Amino acid sequence: MIDKVMQADPTEYAVIIDRISQDVPFYRAYLKNAAISGTAVLNNPFWWSADEKFFNNALAIKTGVPVPKTVLLPSKERPDDTTENSFRNLKYPMDWDGIFEHIGFPAYMKPFAGGGWKNVYKLNNADEFFKSHSETGQLIMMLQEEIVFNEYFRCYCLGGNEVRIMQYEPRNPHHLRYVHDGPPLSKKLLDTVKDYTIKLNAALGYDFNTVEFAVRDGIPYAIDFCNPAPDADINSVGQENFEWVVETAANMAIKRAQEHKPGQMNLTWGTFVKNAVAPTTKKPAAKKAPAKKAAPAIKTPVAKKAPAKAKKATPAKTTTAATKKPVKKATTTKRKSK
Ligand SMILES: Nc1ncnc2c1ncn2[C@@H]1O[C@H](COP(=O)(O)OP(=O)(O)O)[C@@H](O)[C@H]1O
Ligand SMILES: [Mg+2]
C-alpha cells in the first residue's frame, strides 16, 4: 500500500512483485525509488523500462537462441511535436524490396513494445503490408518472418531457473489454447526449450517472465519473450499451471526476502548489463595501483568532479578510473566518501 512517495525514502517492503507498472507509470517511478533503498522489486523496474522486443531479439541472437528474421520499421505517422526535419536521417523511401525479400511473406507485423496480441497482423503480400502499416499510427512496428510451426510452447521462467513448459495452441480460441493432454513430446526438444528459456532470462535478468516458442523443423524459435507481467489467469492457464505459478512465485518472494541485504540494491540484473558494467577481463587494477600513487596529477573529468573527498579516500582508485573503468570507479569513490 502506498500513501505518499518521498524521494529516497525506503519502503517497508523487502520484496515487491510488480504486476502492474506497465500500465501505471506512477507505480514504475515508485518502484525505482523503492529499489534504490533496497526493496527487491521483481521484475527490475529499470530494465523493464529499457528493453523491448526488437532489442531482445538482437540479444537472443547474441545469446545463441534462434529467433525469426525481424526488421524494425519507423512509425507510419510522425511522433507528436516532430517535423519532417526530425527525420532527415531516414532514407525515403525505405528499401522496402530489400526488407520484403529478407523477411518473405506471409509475415507477422507487431509492435516493438506490445503484448496481448494487440496490433499483431499476419500479412500475405506487400499490398497487405502497406495497407496494415498505414493503420498503425505512431506505433513502432517490427516485420517478422512467419514461423510455420508444428509445436508451440509458452514457458514461465521464475527466479531465473524455475521453468514451466506449457503446450499451447495459439490457433485455438482463447479458452482452449493451453493443451492439457497433447501427444508426448521428445525429451530432447523439451530440454532445448528449457535451456533456451533459461539462457534468455539470464541475459535479460527477468525474475518473472514467459517465453513463447514456435517449433519449425525441430528448432524452437523464440517468438515472444518480453512479458514481464505475464498472463497467469486461472481461466486461461488452467488450475495446474496457476497453482505452479502461485507456489513458485511465493517461494521466490520468500527466498528473496531471506536473502535481502539492507543498505544495498537487491535487484536482479541480466548478464547483458552485468557484463557491460563489469567486464570479466583480467585483473590489472592491483598491479597498476602503486604506480598511480606516484602520479598524483589527475587530469580527468572524473577526478575534477569530486576533488577533495575523492583525493583523501582513494587516490589510487581515482587514478585508475582515468585509465580503466571510469563509471565503476567513480561510483565506488562516491559511496566511500559518503
Ligand atoms: N513470427 C511468427 N510466426 C508465427 N506466428 C507468430 C509469429 N509472431 C507472432 N505469431 C503469432 O501471433 C501471436 C501473437 O504474437 P506475439 O508475438 O506473441 O505478440 P504478443 O506479445 O502481443 O502476445 C503468437 O502467439 C503467435 O500465435
Ligand atoms: Mg504472445
# chains A, B, ... in the order shown; residues from 1 in each chain; ligands from 1
$ closest_atom_pairs --of "chain A" --to "ligand 2" --cutoff "12 Å" --atoms "only C-alpha atoms and all ligand atoms" --output "Markdown table"
| residue | atom | partner | partner_atom_place_in_ligand_line | distance |
| --- | --- | --- | --- | --- |
| A:Lys53 | CA | ligand 2 | 1 (Mg) | 11.0 |
| A:Lys110 | CA | ligand 2 | 1 (Mg) | 10.4 |
| A:Pro111 | CA | ligand 2 | 1 (Mg) | 11.5 |
| A:Ala113 | CA | ligand 2 | 1 (Mg) | 11.5 |
| A:Gly114 | CA | ligand 2 | 1 (Mg) | 9.0 |
| A:Gly115 | CA | ligand 2 | 1 (Mg) | 6.2 |
| A:Gly116 | CA | ligand 2 | 1 (Mg) | 6.3 |
| A:Trp117 | CA | ligand 2 | 1 (Mg) | 6.2 |
| A:Lys118 | CA | ligand 2 | 1 (Mg) | 9.5 |
| A:Asn119 | CA | ligand 2 | 1 (Mg) | 11.6 |
| A:Val120 | CA | ligand 2 | 1 (Mg) | 9.5 |
| A:Tyr152 | CA | ligand 2 | 1 (Mg) | 11.0 |
| A:Phe153 | CA | ligand 2 | 1 (Mg) | 10.5 |
| A:Arg154 | CA | ligand 2 | 1 (Mg) | 8.4 |
| A:Cys155 | CA | ligand 2 | 1 (Mg) | 11.0 |
| A:Tyr168 | CA | ligand 2 | 1 (Mg) | 10.9 |
| A:Glu169 | CA | ligand 2 | 1 (Mg) | 11.5 |
| A:Pro170 | CA | ligand 2 | 1 (Mg) | 8.9 |
| A:Arg177 | CA | ligand 2 | 1 (Mg) | 11.8 |
| A:Asn209 | CA | ligand 2 | 1 (Mg) | 11.5 |
| A:Thr210 | CA | ligand 2 | 1 (Mg) | 8.8 |
| A:Val211 | CA | ligand 2 | 1 (Mg) | 8.4 |
| A:Glu212 | CA | ligand 2 | 1 (Mg) | 6.7 |
| A:Phe213 | CA | ligand 2 | 1 (Mg) | 9.6 |
| A:Ala214 | CA | ligand 2 | 1 (Mg) | 10.9 |
| A:Ala222 | CA | ligand 2 | 1 (Mg) | 10.4 |
| A:Ile223 | CA | ligand 2 | 1 (Mg) | 7.5 |
| A:Asp224 | CA | ligand 2 | 1 (Mg) | 5.2 |
| A:Phe225 | CA | ligand 2 | 1 (Mg) | 7.8 |
| A:Cys226 | CA | ligand 2 | 1 (Mg) | 8.7 |
| A:Asn227 | CA | ligand 2 | 1 (Mg) | 7.9 |
| A:Pro228 | CA | ligand 2 | 1 (Mg) | 11.7 |
| A:Ala229 | CA | ligand 2 | 1 (Mg) | 11.7 |
| A:Pro230 | CA | ligand 2 | 1 (Mg) | 9.2 |
| A:Asp231 | CA | ligand 2 | 1 (Mg) | 9.7 |
$ select_by_dssp --residues "segment 3-145 of chain A" --states "alpha helix (DSSP H)" --output "ChimeraX atom specification"
/A:25-36,45-50,53-63,96-103,126-133
$ write_last_selection --atoms "N, CA and C atoms" --output "short mmCIF file (atom, residue, chain, number, x, y, z; two decimals), in the first residue's frame"
data_model
loop_
_atom_site.label_atom_id
_atom_site.label_comp_id
_atom_site.auth_asym_id
_atom_site.auth_seq_id
_atom_site.Cartn_x
_atom_site.Cartn_y
_atom_site.Cartn_z
N PRO A 25 2.45 4.27 -14.91
CA PRO A 25 3.81 4.85 -14.81
C PRO A 25 4.12 5.39 -13.41
N PHE A 26 3.11 5.84 -12.69
CA PHE A 26 3.33 6.29 -11.31
C PHE A 26 3.94 5.16 -10.47
N TYR A 27 3.42 3.97 -10.62
CA TYR A 27 3.99 2.83 -9.87
C TYR A 27 5.43 2.54 -10.30
N ARG A 28 5.70 2.66 -11.61
CA ARG A 28 7.07 2.39 -12.07
C ARG A 28 8.05 3.33 -11.37
N ALA A 29 7.67 4.60 -11.26
CA ALA A 29 8.55 5.56 -10.59
C ALA A 29 8.66 5.25 -9.10
N TYR A 30 7.55 4.88 -8.48
CA TYR A 30 7.56 4.48 -7.07
C TYR A 30 8.52 3.30 -6.87
N LEU A 31 8.47 2.35 -7.79
CA LEU A 31 9.27 1.12 -7.63
C LEU A 31 10.77 1.38 -7.81
N LYS A 32 11.11 2.30 -8.68
CA LYS A 32 12.53 2.66 -8.82
C LYS A 32 13.02 3.31 -7.54
N ASN A 33 12.19 4.15 -6.99
CA ASN A 33 12.53 4.83 -5.73
C ASN A 33 12.64 3.81 -4.59
N ALA A 34 11.78 2.79 -4.62
CA ALA A 34 11.85 1.73 -3.61
C ALA A 34 13.14 0.93 -3.79
N ALA A 35 13.49 0.67 -5.04
CA ALA A 35 14.66 -0.18 -5.34
C ALA A 35 15.96 0.48 -4.89
N ILE A 36 16.02 1.79 -5.03
CA ILE A 36 17.30 2.45 -4.70
C ILE A 36 17.59 2.36 -3.21
N PRO A 45 12.62 -2.75 -12.25
CA PRO A 45 11.88 -1.70 -12.98
C PRO A 45 12.75 -0.91 -13.95
N PHE A 46 14.07 -0.89 -13.70
CA PHE A 46 14.95 -0.16 -14.62
C PHE A 46 15.08 -0.91 -15.94
N TRP A 47 15.32 -2.20 -15.82
CA TRP A 47 15.47 -2.99 -17.05
C TRP A 47 14.16 -3.05 -17.82
N TRP A 48 13.07 -3.15 -17.07
CA TRP A 48 11.76 -3.23 -17.70
C TRP A 48 11.48 -1.96 -18.51
N SER A 49 12.03 -0.84 -18.05
CA SER A 49 11.85 0.41 -18.79
C SER A 49 12.79 0.49 -19.99
N ALA A 50 13.76 -0.39 -20.04
CA ALA A 50 14.81 -0.23 -21.05
C ALA A 50 14.64 -1.13 -22.27
N LYS A 53 10.95 -5.61 -27.62
CA LYS A 53 11.04 -6.87 -28.34
C LYS A 53 12.14 -6.90 -29.40
N PHE A 54 12.38 -5.78 -30.03
CA PHE A 54 13.37 -5.79 -31.11
C PHE A 54 14.78 -5.95 -30.53
N PHE A 55 15.06 -5.18 -29.48
CA PHE A 55 16.36 -5.34 -28.82
C PHE A 55 16.50 -6.77 -28.29
N ASN A 56 15.44 -7.27 -27.69
CA ASN A 56 15.51 -8.62 -27.12
C ASN A 56 15.82 -9.66 -28.19
N ASN A 57 15.30 -9.46 -29.40
CA ASN A 57 15.62 -10.38 -30.48
C ASN A 57 17.12 -10.32 -30.80
N ALA A 58 17.65 -9.10 -30.80
CA ALA A 58 19.09 -8.96 -31.06
C ALA A 58 19.88 -9.67 -29.97
N LEU A 59 19.42 -9.52 -28.74
CA LEU A 59 20.12 -10.17 -27.61
C LEU A 59 20.01 -11.70 -27.72
N ALA A 60 18.87 -12.17 -28.18
CA ALA A 60 18.69 -13.62 -28.37
C ALA A 60 19.74 -14.14 -29.36
N ILE A 61 19.93 -13.42 -30.43
CA ILE A 61 20.91 -13.85 -31.43
C ILE A 61 22.30 -13.90 -30.81
N LYS A 62 22.64 -12.88 -30.04
CA LYS A 62 23.96 -12.86 -29.39
C LYS A 62 24.08 -13.97 -28.35
N THR A 63 22.93 -14.42 -27.83
CA THR A 63 22.93 -15.45 -26.79
C THR A 63 22.88 -16.85 -27.39
N TRP A 96 12.12 -1.01 -49.23
CA TRP A 96 11.06 -1.98 -48.96
C TRP A 96 11.31 -3.31 -49.65
N ASP A 97 11.78 -3.24 -50.90
CA ASP A 97 12.01 -4.51 -51.62
C ASP A 97 13.03 -5.36 -50.88
N GLY A 98 14.08 -4.71 -50.41
CA GLY A 98 15.11 -5.43 -49.67
C GLY A 98 14.55 -6.04 -48.39
N ILE A 99 13.69 -5.27 -47.71
CA ILE A 99 13.08 -5.75 -46.46
C ILE A 99 12.18 -6.96 -46.75
N PHE A 100 11.34 -6.83 -47.77
CA PHE A 100 10.39 -7.92 -48.07
C PHE A 100 11.14 -9.18 -48.53
N GLU A 101 12.20 -8.95 -49.27
CA GLU A 101 12.98 -10.10 -49.74
C GLU A 101 13.61 -10.84 -48.55
N HIS A 102 14.08 -10.07 -47.59
CA HIS A 102 14.74 -10.66 -46.42
C HIS A 102 13.74 -11.43 -45.55
N ILE A 103 12.56 -10.84 -45.32
CA ILE A 103 11.59 -11.43 -44.39
C ILE A 103 10.70 -12.47 -45.08
N ALA A 126 2.91 -7.54 -50.12
CA ALA A 126 3.32 -6.15 -49.89
C ALA A 126 2.10 -5.22 -49.80
N ASP A 127 1.08 -5.48 -50.61
CA ASP A 127 -0.12 -4.61 -50.56
C ASP A 127 -0.75 -4.67 -49.17
N GLU A 128 -0.89 -5.87 -48.66
CA GLU A 128 -1.47 -6.01 -47.31
C GLU A 128 -0.59 -5.31 -46.28
N PHE A 129 0.71 -5.43 -46.51
CA PHE A 129 1.62 -4.76 -45.57
C PHE A 129 1.37 -3.26 -45.55
N PHE A 130 1.37 -2.64 -46.72
CA PHE A 130 1.24 -1.17 -46.75
C PHE A 130 -0.12 -0.74 -46.20
N LYS A 131 -1.15 -1.51 -46.50
CA LYS A 131 -2.48 -1.16 -46.00
C LYS A 131 -2.50 -1.24 -44.47
N SER A 132 -1.96 -2.33 -43.94
CA SER A 132 -1.99 -2.51 -42.47
C SER A 132 -1.05 -1.52 -41.78
N HIS A 133 0.10 -1.31 -42.38
CA HIS A 133 1.04 -0.39 -41.74
C HIS A 133 0.45 1.01 -41.65
#
$ closest_residue --among "A:Ile198, A:Leu158, A:Val15, A:Met6" --to "Ile254 of chain A" --atoms "only C-alpha atoms"
A:Val15
$ residues_around --residues "segment 259-264 of chain A" --least-positions-apart "4" --cutoff "7 Å" --atoms "only C-alpha atoms" --output "VMD selection string"
chain A and resid 14 37 to 38 255
$ atom_distance --atom1 "atom CA of Val215 of chain A" --atom2 "atom CA of Glu151 of chain A"
5.1 Å
